[in-house]
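query.csv (CSV, C-alpha atoms) appears below.
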chain,number,residue,atom,x,y,z
A,1,LYS,CA,99.1,-13.1,-53.7
A,2,ILE,CA,96.5,-15.9,-53.7
A,3,THR,CA,95.8,-15.4,-57.4
A,4,GLN,CA,99.5,-16.0,-58.2
A,5,LEU,CA,99.0,-19.5,-57.1
A,6,PHE,CA,96.5,-20.0,-59.9
A,7,LYS,CA,98.9,-19.0,-62.7
A,8,GLY,CA,97.9,-20.7,-65.9
A,9,ARG,CA,94.5,-21.7,-64.7
A,10,ARG,CA,91.2,-20.8,-66.3
A,11,ASN,CA,89.8,-17.4,-65.2
A,12,MET,CA,93.2,-16.4,-63.8
A,13,ARG,CA,93.1,-13.0,-65.5
A,14,VAL,CA,89.6,-12.3,-64.0
A,15,LEU,CA,90.9,-13.3,-60.5
A,16,ARG,CA,93.9,-11.0,-60.8
A,17,GLU,CA,91.8,-8.1,-62.0
A,18,LEU,CA,89.5,-8.6,-59.1
A,19,SER,CA,92.4,-8.7,-56.6
A,20,ILE,CA,94.0,-5.6,-57.9
A,21,GLU,CA,90.8,-3.6,-57.7
A,22,ARG,CA,90.3,-4.9,-54.1
A,23,ILE,CA,93.8,-3.7,-53.1
A,24,LYS,CA,93.2,-0.3,-54.7
A,25,ARG,CA,89.8,0.1,-52.9
A,26,GLU,CA,91.3,-1.0,-49.6
A,27,ILE,CA,94.0,1.7,-49.8
A,28,GLU,CA,91.5,4.3,-50.9
A,29,TYR,CA,89.2,3.5,-48.1
A,30,SER,CA,91.9,3.1,-45.4
A,31,PHE,CA,93.6,6.5,-45.8
A,32,SER,CA,92.5,10.1,-46.2
A,33,GLN,CA,93.7,12.2,-49.2
A,34,ASP,CA,96.5,13.5,-47.1
A,35,GLY,CA,97.6,10.0,-46.0
A,36,VAL,CA,96.0,9.6,-42.5
A,37,HIS,CA,94.7,6.1,-41.6
A,38,VAL,CA,90.9,6.4,-41.0
A,39,GLU,CA,90.6,3.9,-38.1
A,40,ASN,CA,90.8,6.5,-35.4
A,41,SER,CA,94.0,5.3,-33.8
A,42,PRO,CA,97.6,6.5,-34.6
A,43,GLY,CA,99.0,3.1,-33.7
A,44,TYR,CA,97.1,1.6,-36.6
A,45,HIS,CA,98.4,4.3,-38.9
A,46,HIS,CA,102.0,3.3,-38.0
A,47,GLY,CA,101.3,-0.4,-38.5
A,48,MET,CA,99.4,0.0,-41.8
A,49,ILE,CA,102.3,1.8,-43.5
A,50,ALA,CA,104.4,-1.3,-43.0
A,51,ASN,CA,101.6,-3.7,-44.0
A,52,VAL,CA,100.8,-1.7,-47.2
A,53,ASN,CA,104.4,-1.3,-48.2
A,54,ASN,CA,105.2,-5.0,-47.7
A,55,SER,CA,102.1,-6.1,-49.7
A,56,LEU,CA,102.8,-3.8,-52.6
A,57,ASN,CA,106.5,-4.7,-52.8
A,58,SER,CA,105.5,-8.4,-53.0
A,59,LEU,CA,102.9,-7.8,-55.6
A,60,LEU,CA,105.0,-5.5,-57.8
A,61,GLN,CA,107.6,-8.2,-58.2
A,62,SER,CA,105.2,-9.4,-61.0
A,63,PRO,CA,104.9,-7.2,-64.1
A,64,LEU,CA,101.3,-8.2,-64.3
A,65,ASN,CA,100.6,-6.0,-61.2
A,66,SER,CA,102.3,-2.9,-62.5
A,67,ARG,CA,99.1,-0.9,-62.2
A,68,LEU,CA,99.7,-0.8,-58.5
A,69,LYS,CA,102.6,1.5,-58.9
A,70,GLY,CA,100.2,4.4,-58.2
A,71,GLN,CA,99.4,3.0,-54.8
A,72,LYS,CA,103.1,2.6,-54.1
A,73,GLU,CA,103.6,6.3,-54.9
A,74,PHE,CA,100.9,7.2,-52.4
A,75,LEU,CA,103.0,5.8,-49.5
A,76,PRO,CA,105.1,8.9,-48.9
A,77,LYS,CA,101.9,10.9,-48.2
A,78,MET,CA,101.4,8.7,-45.0
A,79,VAL,CA,104.7,9.9,-43.5
A,80,PRO,CA,104.1,13.6,-42.4
A,81,TYR,CA,101.2,12.7,-40.1
A,82,LEU,CA,103.3,9.9,-38.5
A,83,ARG,CA,106.1,12.3,-37.9
A,84,TRP,CA,103.9,14.9,-36.3
A,85,ILE,CA,101.7,12.5,-34.2
A,86,VAL,CA,104.8,10.7,-32.6
A,87,ARG,CA,105.9,12.6,-29.5
A,88,GLN,CA,109.4,14.0,-29.0
A,89,ASP,CA,110.2,11.0,-26.8
A,90,GLY,CA,109.6,8.7,-29.8
A,91,LYS,CA,106.3,7.4,-28.4
A,92,LEU,CA,102.7,7.6,-29.6
A,93,PRO,CA,100.1,9.3,-27.5
A,94,PRO,CA,97.5,6.8,-26.3
A,95,ILE,CA,94.7,8.1,-28.6
A,96,GLY,CA,92.0,5.6,-29.5
A,97,ASP,CA,93.2,2.0,-29.5
A,98,SER,CA,96.9,3.1,-29.6
A,99,GLU,CA,99.5,2.0,-27.1
A,100,GLN,CA,102.0,4.5,-25.7
A,101,ARG,CA,104.9,2.6,-27.2
A,102,GLN,CA,108.1,3.5,-28.9
A,103,VAL,CA,107.9,3.5,-32.7
A,104,SER,CA,110.5,3.4,-35.4
A,105,PHE,CA,110.9,5.9,-38.3
A,106,GLY,CA,113.1,3.6,-40.3
A,107,LEU,CA,110.6,2.7,-43.0
A,108,ALA,CA,109.2,6.3,-43.0
A,109,LYS,CA,112.6,7.7,-43.6
A,110,SER,CA,113.2,5.4,-46.6
A,111,LEU,CA,109.8,6.3,-48.1
A,112,PHE,CA,110.1,10.1,-47.7
A,113,PRO,CA,113.6,11.2,-46.5
A,114,GLU,CA,112.9,14.8,-47.3
A,115,GLU,CA,110.3,15.0,-44.6
A,116,PHE,CA,113.1,14.6,-42.0
A,117,ASN,CA,115.3,17.4,-43.3
A,118,HIS,CA,113.5,20.1,-41.3
A,119,LYS,CA,112.1,20.6,-37.7
A,120,ASN,CA,108.5,19.8,-37.3
A,121,GLN,CA,107.5,22.5,-34.9
A,122,GLY,CA,104.4,24.8,-34.9
A,123,MET,CA,100.9,23.6,-35.6
A,124,LYS,CA,99.3,21.5,-38.4
A,125,VAL,CA,95.9,20.0,-39.1
A,126,PHE,CA,95.7,16.5,-40.7
A,127,ALA,CA,92.6,14.8,-42.3
A,128,ASN,CA,90.3,17.6,-41.0
A,129,GLY,CA,90.3,15.7,-37.8
A,130,TYR,CA,93.6,16.1,-35.9
A,131,ALA,CA,95.3,19.4,-34.8
A,132,ILE,CA,98.8,18.9,-33.6
A,133,TRP,CA,101.0,21.5,-31.8
A,134,ARG,CA,104.7,20.8,-31.4
A,135,THR,CA,107.5,22.7,-29.7
A,136,GLU,CA,110.8,21.4,-28.5
A,137,LYS,CA,109.3,20.2,-25.2
A,138,THR,CA,105.5,20.1,-25.8
A,139,HIS,CA,103.1,17.9,-27.8
A,140,LEU,CA,99.4,18.7,-27.9
A,141,VAL,CA,96.8,17.0,-29.9
A,142,MET,CA,93.1,17.8,-30.4
A,143,LYS,CA,91.0,15.2,-32.2
A,144,SER,CA,87.5,15.3,-33.6
A,145,ILE,CA,86.9,12.9,-36.5
A,146,GLN,CA,84.7,9.9,-37.2
A,147,THR,CA,85.6,8.3,-40.5
A,148,GLY,CA,86.3,4.6,-39.7
A,149,ARG,CA,84.0,1.9,-38.6
A,150,PHE,CA,86.4,0.3,-36.1
A,151,HIS,CA,88.4,1.3,-33.1
A,152,ARG,CA,86.0,4.2,-32.5
A,153,HIS,CA,86.2,6.0,-29.1
A,154,ASP,CA,83.8,8.7,-28.0
A,155,ASP,CA,86.5,11.3,-28.3
A,156,ASP,CA,85.2,14.2,-30.3
A,157,CYS,CA,87.0,17.5,-29.2
A,158,SER,CA,89.3,15.5,-27.0
A,159,LEU,CA,92.9,16.5,-26.0
A,160,THR,CA,96.2,14.8,-25.1
A,161,LEU,CA,99.0,16.9,-23.7
A,162,TRP,CA,102.6,15.9,-23.0
A,163,HIS,CA,105.2,18.4,-21.8
A,164,ASN,CA,108.8,18.1,-20.6
A,165,GLY,CA,108.7,14.3,-20.5
A,166,GLU,CA,105.4,14.1,-18.6
A,167,ASP,CA,101.8,13.3,-19.5
A,168,LEU,CA,99.5,16.1,-18.4
A,169,LEU,CA,96.2,15.3,-20.1
A,170,LEU,CA,95.4,11.8,-21.3
A,171,ASP,CA,93.1,9.6,-23.4
A,172,SER,CA,92.4,6.4,-21.5
A,173,GLY,CA,93.9,4.1,-24.2
A,174,LEU,CA,93.2,0.6,-25.5
A,175,LEU,CA,93.2,-1.7,-22.4
A,176,TYR,CA,92.0,-4.8,-24.5
A,177,TYR,CA,89.5,-5.9,-27.1
A,178,LYS,CA,86.9,-7.5,-24.9
A,179,GLU,CA,84.1,-5.2,-26.2
A,180,LYS,CA,81.5,-6.3,-23.6
A,181,ASP,CA,83.8,-5.9,-20.7
A,182,GLU,CA,82.9,-3.1,-18.3
A,183,ASP,CA,86.4,-1.6,-18.3
A,184,ARG,CA,86.7,-1.7,-22.0
A,185,ILE,CA,83.3,0.0,-22.4
A,186,HIS,CA,84.6,2.7,-20.0
A,187,VAL,CA,87.9,3.4,-21.9
A,188,ARG,CA,86.0,3.9,-25.1
A,189,SER,CA,83.4,6.3,-23.5
A,190,ALA,CA,83.4,10.1,-23.3
A,191,THR,CA,83.9,9.8,-19.5
A,192,ALA,CA,87.4,8.4,-20.2
A,193,HIS,CA,88.7,11.2,-22.4
A,194,SER,CA,89.9,14.7,-21.9
A,195,GLY,CA,87.0,16.1,-23.8
A,196,ILE,CA,83.4,17.0,-23.6
A,197,GLU,CA,80.6,14.7,-22.4
A,198,ILE,CA,76.8,14.9,-22.0
A,199,PRO,CA,76.1,12.4,-19.2
A,200,GLY,CA,73.3,10.0,-20.0
A,201,LYS,CA,73.4,10.6,-23.7
A,202,LYS,CA,74.6,7.8,-26.0
A,203,ALA,CA,77.4,8.9,-28.3
A,204,ILE,CA,77.0,8.1,-32.0
A,205,ARG,CA,79.5,5.5,-33.5
A,206,ASN,CA,77.8,5.2,-36.9
A,207,ILE,CA,79.9,6.9,-39.5
A,208,PHE,CA,76.9,7.2,-41.8
A,209,ASN,CA,75.0,9.2,-39.3
A,210,LYS,CA,74.6,12.8,-40.5
A,211,SER,CA,75.5,14.3,-37.1
A,212,ALA,CA,78.7,12.1,-36.9
A,213,GLY,CA,79.8,13.6,-40.2
A,214,LYS,CA,80.0,17.0,-38.5
A,215,ALA,CA,83.0,16.0,-36.4
A,216,SER,CA,86.0,18.0,-37.8
A,217,VAL,CA,89.0,20.1,-37.0
A,218,THR,CA,90.0,23.2,-39.0
A,219,LYS,CA,92.9,25.5,-38.7
A,220,THR,CA,91.8,29.1,-37.8
A,221,ASP,CA,95.3,30.7,-37.8
A,222,SER,CA,99.0,29.7,-37.3
A,223,ILE,CA,98.5,28.8,-33.6
A,224,SER,CA,94.8,28.0,-33.3
A,225,ALA,CA,92.3,25.3,-34.4
A,226,MET,CA,88.6,24.8,-34.1
A,227,ALA,CA,86.9,21.4,-33.4
A,228,VAL,CA,83.3,20.6,-34.1
A,229,MET,CA,81.6,17.8,-32.1
A,230,GLY,CA,79.4,15.3,-34.1
A,231,MET,CA,78.9,12.4,-31.7
A,232,TYR,CA,75.8,13.8,-29.9
A,233,GLU,CA,72.9,14.3,-32.3
A,234,GLY,CA,71.0,17.6,-31.8
A,235,PHE,CA,73.7,19.3,-29.8
A,236,ASP,CA,75.9,22.2,-31.2
A,237,ILE,CA,79.3,22.1,-29.4
A,238,LYS,CA,82.6,23.5,-30.5
A,239,ARG,CA,86.1,23.8,-29.0
A,240,ASN,CA,88.8,26.3,-30.0
A,241,ILE,CA,92.4,25.8,-28.9
A,242,THR,CA,95.2,28.4,-29.1
A,243,LYS,CA,98.7,27.6,-28.0
A,244,GLU,CA,101.1,30.5,-27.6
A,245,GLY,CA,104.4,29.9,-25.8
A,246,LYS,CA,103.6,28.1,-22.5
A,247,LYS,CA,99.9,29.2,-22.5
A,248,ILE,CA,97.2,27.0,-23.9
A,249,ARG,CA,93.8,28.6,-24.2
A,250,ILE,CA,90.7,26.4,-24.5
A,251,VAL,CA,87.5,28.1,-25.5
A,252,ASP,CA,84.3,26.0,-25.5
A,253,PHE,CA,81.0,26.9,-27.1
A,254,PHE,CA,77.8,25.2,-25.9
A,255,CYS,CA,74.3,25.3,-27.1
A,256,ASP,CA,71.4,25.8,-24.6
A,257,ALA,CA,70.4,22.2,-24.8
A,258,SER,CA,73.8,21.0,-23.7
A,259,ILE,CA,73.8,23.3,-20.7
A,260,GLU,CA,70.4,22.1,-19.8
A,261,ASN,CA,71.7,18.5,-20.0
A,262,LYS,CA,74.5,19.2,-17.6
A,263,VAL,CA,77.3,19.0,-20.2
A,264,ARG,CA,80.7,18.6,-18.6
A,265,GLN,CA,84.4,19.2,-19.5
A,266,ASN,CA,86.5,16.2,-18.5
A,267,PHE,CA,90.3,16.2,-17.9
A,268,ILE,CA,92.1,12.9,-17.4
A,269,ILE,CA,95.2,13.4,-15.4
A,270,PRO,CA,97.9,10.9,-14.3
A,271,ALA,CA,97.8,10.1,-10.6
A,272,CYS,CA,101.4,11.2,-10.2
A,273,TRP,CA,100.2,14.8,-10.1
A,274,GLU,CA,99.1,16.3,-6.7
A,275,ILE,CA,96.0,18.4,-7.3
A,276,ILE,CA,95.5,21.6,-5.3
A,277,THR,CA,92.2,23.4,-5.9
A,278,LYS,CA,91.9,27.2,-5.4
A,279,PRO,CA,88.9,29.5,-5.8
A,280,ASP,CA,90.1,30.6,-9.2
A,281,ARG,CA,92.5,27.8,-10.4
A,282,VAL,CA,93.8,24.3,-10.0
A,283,ILE,CA,97.5,23.7,-9.4
A,284,PHE,CA,99.2,20.5,-10.4
A,285,LYS,CA,102.5,19.6,-8.7
A,286,LYS,CA,105.0,16.7,-8.7
A,287,GLU,CA,107.6,15.8,-6.2
A,288,ASP,CA,110.3,16.8,-8.6
A,289,GLY,CA,109.0,20.4,-8.6
A,290,GLN,CA,107.2,20.4,-11.9
A,291,THR,CA,104.1,22.5,-11.8
A,292,TRP,CA,101.3,23.5,-14.2
A,293,VAL,CA,98.2,25.5,-13.6
A,294,LEU,CA,94.6,25.4,-15.0
A,295,GLU,CA,92.4,28.5,-14.7
A,296,CYS,CA,88.8,29.2,-15.5
A,297,SER,CA,88.0,32.7,-16.6
A,298,ASP,CA,84.6,32.6,-15.0
A,299,GLN,CA,84.5,31.4,-11.4
A,300,GLU,CA,80.9,30.3,-11.7
A,301,ASP,CA,82.1,27.6,-14.2
A,302,HIS,CA,84.9,26.7,-11.8
A,303,ARG,CA,82.7,26.5,-8.7
A,304,GLU,CA,81.2,23.1,-9.6
A,305,ILE,CA,84.2,20.9,-9.9
A,306,GLU,CA,84.2,17.1,-9.6
A,307,ILE,CA,87.4,15.0,-8.9
A,308,GLU,CA,87.2,11.2,-9.0
A,309,LYS,CA,89.7,8.4,-9.2
A,310,THR,CA,89.8,6.5,-12.5
A,311,PHE,CA,92.4,4.5,-14.5
A,312,VAL,CA,94.1,4.7,-17.9
A,313,SER,CA,95.7,2.0,-20.1
A,314,MET,CA,99.0,3.2,-21.6
A,315,MET,CA,99.8,-0.4,-22.8
A,316,LYS,CA,97.6,-3.3,-23.7
A,317,ASN,CA,96.3,-5.3,-20.7
A,318,GLN,CA,97.7,-2.8,-18.3
A,319,LYS,CA,96.1,-0.2,-16.0
A,320,SER,CA,97.5,2.7,-14.1
A,321,GLU,CA,95.9,5.1,-11.7
A,322,ALA,CA,94.5,8.5,-12.9
A,323,ILE,CA,92.2,11.3,-11.9
A,324,ARG,CA,89.2,12.6,-13.7
A,325,MET,CA,88.5,16.2,-13.1
A,326,SER,CA,85.3,17.6,-14.5
A,327,PHE,CA,83.7,21.1,-14.7
A,328,TYR,CA,80.0,21.8,-15.3
A,329,PRO,CA,79.8,25.0,-17.3
A,330,LYS,CA,76.9,27.3,-16.7
A,331,ASN,CA,77.4,29.6,-19.7
A,332,ASN,CA,77.3,29.1,-23.5
A,333,LYS,CA,81.0,30.2,-23.8
A,334,THR,CA,83.7,29.2,-21.4
A,335,GLU,CA,87.4,29.8,-21.3
A,336,ILE,CA,90.0,27.6,-19.6
A,337,SER,CA,93.7,28.4,-19.7
A,338,ILE,CA,96.6,26.1,-19.0
A,339,THR,CA,100.0,27.5,-18.0
A,340,LEU,CA,102.9,25.1,-18.4
A,341,ASP,CA,105.7,25.1,-15.9
A,342,LYS,CA,105.6,27.1,-12.7
A,343,ALA,CA,104.9,30.7,-13.5
A,344,PRO,CA,106.6,33.3,-11.1
A,345,GLN,CA,103.3,34.4,-9.6
A,346,TYR,CA,102.7,30.8,-8.2
A,347,GLU,CA,106.1,30.4,-6.6
A,348,ASP,CA,104.9,31.1,-3.1
A,349,GLU,CA,101.5,29.7,-3.5
A,350,ASP,CA,99.8,28.6,-0.3
A,351,ASP,CA,99.1,24.9,-0.8
A,352,GLY,CA,97.2,24.6,2.5
A,353,ARG,CA,100.0,22.8,4.4
A,354,LEU,CA,101.8,24.3,7.4
A,355,ILE,CA,105.6,24.3,7.4
A,356,GLU,CA,107.6,24.4,10.6
A,357,VAL,CA,110.4,27.0,10.2
A,358,GLU,CA,112.9,28.6,12.4
A,359,ILE,CA,113.0,32.4,12.2
A,360,THR,CA,116.1,34.2,13.3
A,361,HIS,CA,117.1,37.8,13.7
A,362,PRO,CA,120.4,39.2,15.2
A,363,ASN,CA,118.5,41.4,17.7
A,364,PHE,CA,115.9,38.9,18.9
A,365,PRO,CA,115.8,35.3,20.2
A,366,ALA,CA,115.1,32.6,17.5
A,367,ILE,CA,111.5,31.4,17.3
A,368,CYS,CA,110.0,28.3,15.7
A,369,LYS,CA,106.6,28.7,14.0
A,370,LYS,CA,104.3,26.7,11.8
A,371,LEU,CA,103.5,28.9,8.8
A,372,PRO,CA,101.7,28.4,5.5
A,373,ILE,CA,104.8,29.4,3.6
A,374,ASN,CA,108.5,29.4,4.4
A,375,TRP,CA,109.3,33.0,5.6
A,376,SER,CA,112.6,32.1,7.3
A,377,LYS,CA,114.7,33.9,4.6
A,378,ASN,CA,112.8,37.1,5.0
A,379,GLU,CA,115.1,39.4,7.1
A,380,TYR,CA,112.2,41.6,8.2
Rewrite the structure from the file as structure tokens, please.
Amino acid sequence: KITQLFKGRRNMRVLRELSIERIKREIEYSFSQDGVHVENSPGYHHGMIANVNNSLNSLLQSPLNSRLKGQKEFLPKMVPYLRWIVRQDGKLPPIGDSEQRQVSFGLAKSLFPEEFNHKNQGMKVFANGYAIWRTEKTHLVMKSIQTGRFHRHDDDCSLTLWHNGEDLLLDSGLLYYKEKDEDRIHVRSATAHSGIEIPGKKAIRNIFNKSAGKASVTKTDSISAMAVMGMYEGFDIKRNITKEGKKIRIVDFFCDASIENKVRQNFIIPACWEIITKPDRVIFKKEDGQTWVLECSDQEDHREIEIEKTFVSMMKNQKSEAIRMSFYPKNNKTEISITLDKAPQYEDEDDGRLIEVEITHPNFPAICKKLPINWSKNEY
């Protein structure tokens, strides 16, 4: 647009050619071949679609810029990822420097209306770095990619999980852009993500590092995807996710060096969930009755569990309370399963609290007892 101000001036053609090449390079750098913005945050993907569209529309008003038509034709490729990454409530998950805000599909529908003619349910992998599972009520994302130089969080193999209108597993979000601030450093760290962390080891944020280039996500079948970690040099770590119905199976693979360095699996959970730990599982309950369960297949891995208060930032400059729950695996392969909603076998689960109930029987006097579960409706 600046070169248009110099119309008729000397070297104007050279300036225009330079500007066109810069725009083409910028678009080629900023998006993967399947149209995903490289800067690690879905919020920037949404914003960049509008920025690129507005810029190209303005430039294409001049016939001298007709060579940019190819870039304009690339815009529809950016739409499928946007449609899949936006949750069913119309909000983005707080991945990377994204805010959990409502987004509009108005522009996306005008660019690629056919994409909205079918339901986007099932599982897809985008840019070899995002696996997204969608059902009518569930939105699950696994991320492992390091392609952009900015907005990088230490979030290889990390998860976000939303179900039935509630956040279950979170990324800690943006907070703000004060890069030397202690809390900003925290939300970008592996400690603040529902992923895998090697305490005391500095994560790689250099996209040209050979190890960083290993970070990837590949589809293994119609319901499963495998993530490879690249942010820790010299450590071989992978995570496989399978989602079938209301069951999510997380299988992690650790090298010996990661076990020796006390690798841990972190889960960031909103503080609205009550956490009840059992010898073989962890139960999460809300006051409205919603429940989900996390189970470890090996009780040895479940035995060392750490629960600490933390915070997340769903919107810029805002904090909300959360819990970090961490496991310290002892084996090279671990399996964790998540069951969504209260399964029948957990309906009468003892949560450790005594309930005062009156027990009556036609042949005996009524008695009042404090019991771990409510047996008052048991006629025997």
> What lies within 7 Å of range 79-84 of chain A using only C-alpha atoms, ignoring chain neighbours under 6 positions off, as a ChimeraX atom specification?
Replying inline: /A:36,46,108,112,115,120,126
>> Between A:Lys91, A:Arg134, A:His151, A:Arg10, which residue has the minimum interatomic distance to Asn40 in chain A, considering all atoms listed in the file?
In response: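 Among the listed residues, the smallest separation from Asn40 in chain A belongs to A:His151.
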Mind dumping a table of every range 35-104 of chain A residue within 10 Å of range 289-313 of chain A, with the nearest atom pair and its distance in Å to one decimal, using all atoms listed in the file, sorted by chain and rising number, as JSON lines?
{"residue": "A:Pro94", "atom": "CA", "partner": "A:Ser313", "partner_atom": "CA", "distance": 8.0}
{"residue": "A:Asp97", "atom": "CA", "partner": "A:Ser313", "partner_atom": "CA", "distance": 9.7}
{"residue": "A:Ser98", "atom": "CA", "partner": "A:Ser313", "partner_atom": "CA", "distance": 9.6}
{"residue": "A:Glu99", "atom": "CA", "partner": "A:Ser313", "partner_atom": "CA", "distance": 8.0}
{"residue": "A:Gln100", "atom": "CA", "partner": "A:Ser313", "partner_atom": "CA", "distance": 8.8}
>> Which residues are close to Ala225 in chain A, i.e. within 6 Å by all atoms listed in the file, leaving aside same-chain residues fewer than 4 positions away? Reply as a PyMOL selection string.
In response: chain A and resi 218-220+240-241
Quick one: 3 Å padding each side, axis-aligned, all listed atoms of range 210-224 of chain A - centre and edge lengths in Å to one decimal, as AutoDock Vina command-line options?
--center_x 86.8 --center_y 21.4 --center_z -36.9 --size_x 30.4 --size_y 24.6 --size_z 13.2
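In this model, the gap between CA of Ala131 in chain A and CA of Val217 in chain A comes to 6.7 Å.
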>> One decimal, in Å: what's the spacing between CA of Ser222 in chain A and CA of Gly35 in chain A?
In response: 21.6 Å
> For Asp341 in chain A, which residue out of A:Val228, A:Leu168, A:Pro270, A:Asp181 is the nearest one, using all atoms listed in the file?
Replying inline: A:Leu168
> Looking at A:Val357, A:Val38, A:Leu68, A:Leu75, which one is nearest to Leu111 in chain A, with distances taken over all atoms listed in the file?
Replying inline: A:Leu75
> Can you list, as a PyMOL selection string, every protein, DNA or RNA residue that comes within 9 Å of Arg249 in chain A when you count all atoms listed in the file, leaving out same-chain residues fewer than 5 positions away?
Replying inline: chain A and resi 240-244+335-339
Export of the given selection (C-alpha atoms) as a PDB file, keeping the file's coordinate frame:
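Output file result.pdb follows:
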ATOM      1  CA  ASN A 240      88.800  26.300 -30.000  1.00  0.00           C
ATOM      2  CA  ILE A 241      92.400  25.800 -28.900  1.00  0.00           C
ATOM      3  CA  THR A 242      95.200  28.400 -29.100  1.00  0.00           C
ATOM      4  CA  LYS A 243      98.700  27.600 -28.000  1.00  0.00           C
ATOM      5  CA  GLU A 244     101.100  30.500 -27.600  1.00  0.00           C
ATOM      6  CA  GLU A 335      87.400  29.800 -21.300  1.00  0.00           C
ATOM      7  CA  ILE A 336      90.000  27.600 -19.600  1.00  0.00           C
ATOM      8  CA  SER A 337      93.700  28.400 -19.700  1.00  0.00           C
ATOM      9  CA  ILE A 338      96.600  26.100 -19.000  1.00  0.00           C
ATOM     10  CA  THR A 339     100.000  27.500 -18.000  1.00  0.00           C
TER      11      THR A 339
END
Subset file as a compact mmCIF listing (two decimals), in the first residue's frame: range 112-158 of chain A, C-alpha atoms:
# COMPACT_ATOMS: atom_id res chain seq x y z
CA PHE A 112 -15.36 -21.31 2.20
CA PRO A 113 -19.14 -21.81 2.58
CA GLU A 114 -18.94 -25.50 1.62
CA GLU A 115 -16.97 -26.26 4.80
CA PHE A 116 -20.07 -25.46 6.84
CA ASN A 117 -22.40 -27.80 4.96
CA HIS A 118 -21.47 -30.83 7.08
CA LYS A 119 -20.92 -31.71 10.74
CA ASN A 120 -17.32 -31.54 11.87
CA GLN A 121 -17.23 -34.53 14.20
CA GLY A 122 -14.63 -37.26 14.60
CA MET A 123 -10.87 -36.66 14.67
CA LYS A 124 -8.52 -34.72 12.40
CA VAL A 125 -4.85 -33.76 12.45
CA PHE A 126 -3.75 -30.34 11.19
CA ALA A 127 -0.26 -29.07 10.27
CA ASN A 128 1.30 -32.24 11.73
CA GLY A 129 0.96 -30.56 15.10
CA TYR A 130 -2.67 -30.52 16.26
CA ALA A 131 -4.97 -33.51 16.78
CA ILE A 132 -8.57 -32.45 17.40
CA TRP A 133 -11.38 -34.76 18.52
CA ARG A 134 -14.95 -33.46 18.35
CA THR A 135 -18.31 -34.91 19.30
CA GLU A 136 -21.56 -33.14 19.99
CA LYS A 137 -20.51 -32.34 23.59
CA THR A 138 -16.75 -32.90 23.70
CA HIS A 139 -13.72 -31.01 22.37
CA LEU A 140 -10.22 -32.47 22.89
CA VAL A 141 -6.97 -31.08 21.48
CA MET A 142 -3.46 -32.54 21.62
CA LYS A 143 -0.71 -30.18 20.48
CA SER A 144 2.96 -30.83 19.70
CA ILE A 145 4.52 -28.45 17.18
CA GLN A 146 7.25 -25.81 17.07
CA THR A 147 7.21 -23.90 13.81
CA GLY A 148 6.97 -20.21 14.74
CA ARG A 149 9.45 -17.94 16.48
CA PHE A 150 6.89 -16.08 18.58
CA HIS A 151 4.18 -16.86 21.15
CA ARG A 152 5.88 -20.17 21.92
CA HIS A 153 4.82 -22.03 25.06
CA ASP A 154 6.53 -25.17 26.37
CA ASP A 155 3.54 -27.30 25.44
CA ASP A 156 4.68 -30.30 23.41
CA CYS A 157 2.29 -33.25 23.94
CA SER A 158 -0.14 -31.02 25.88
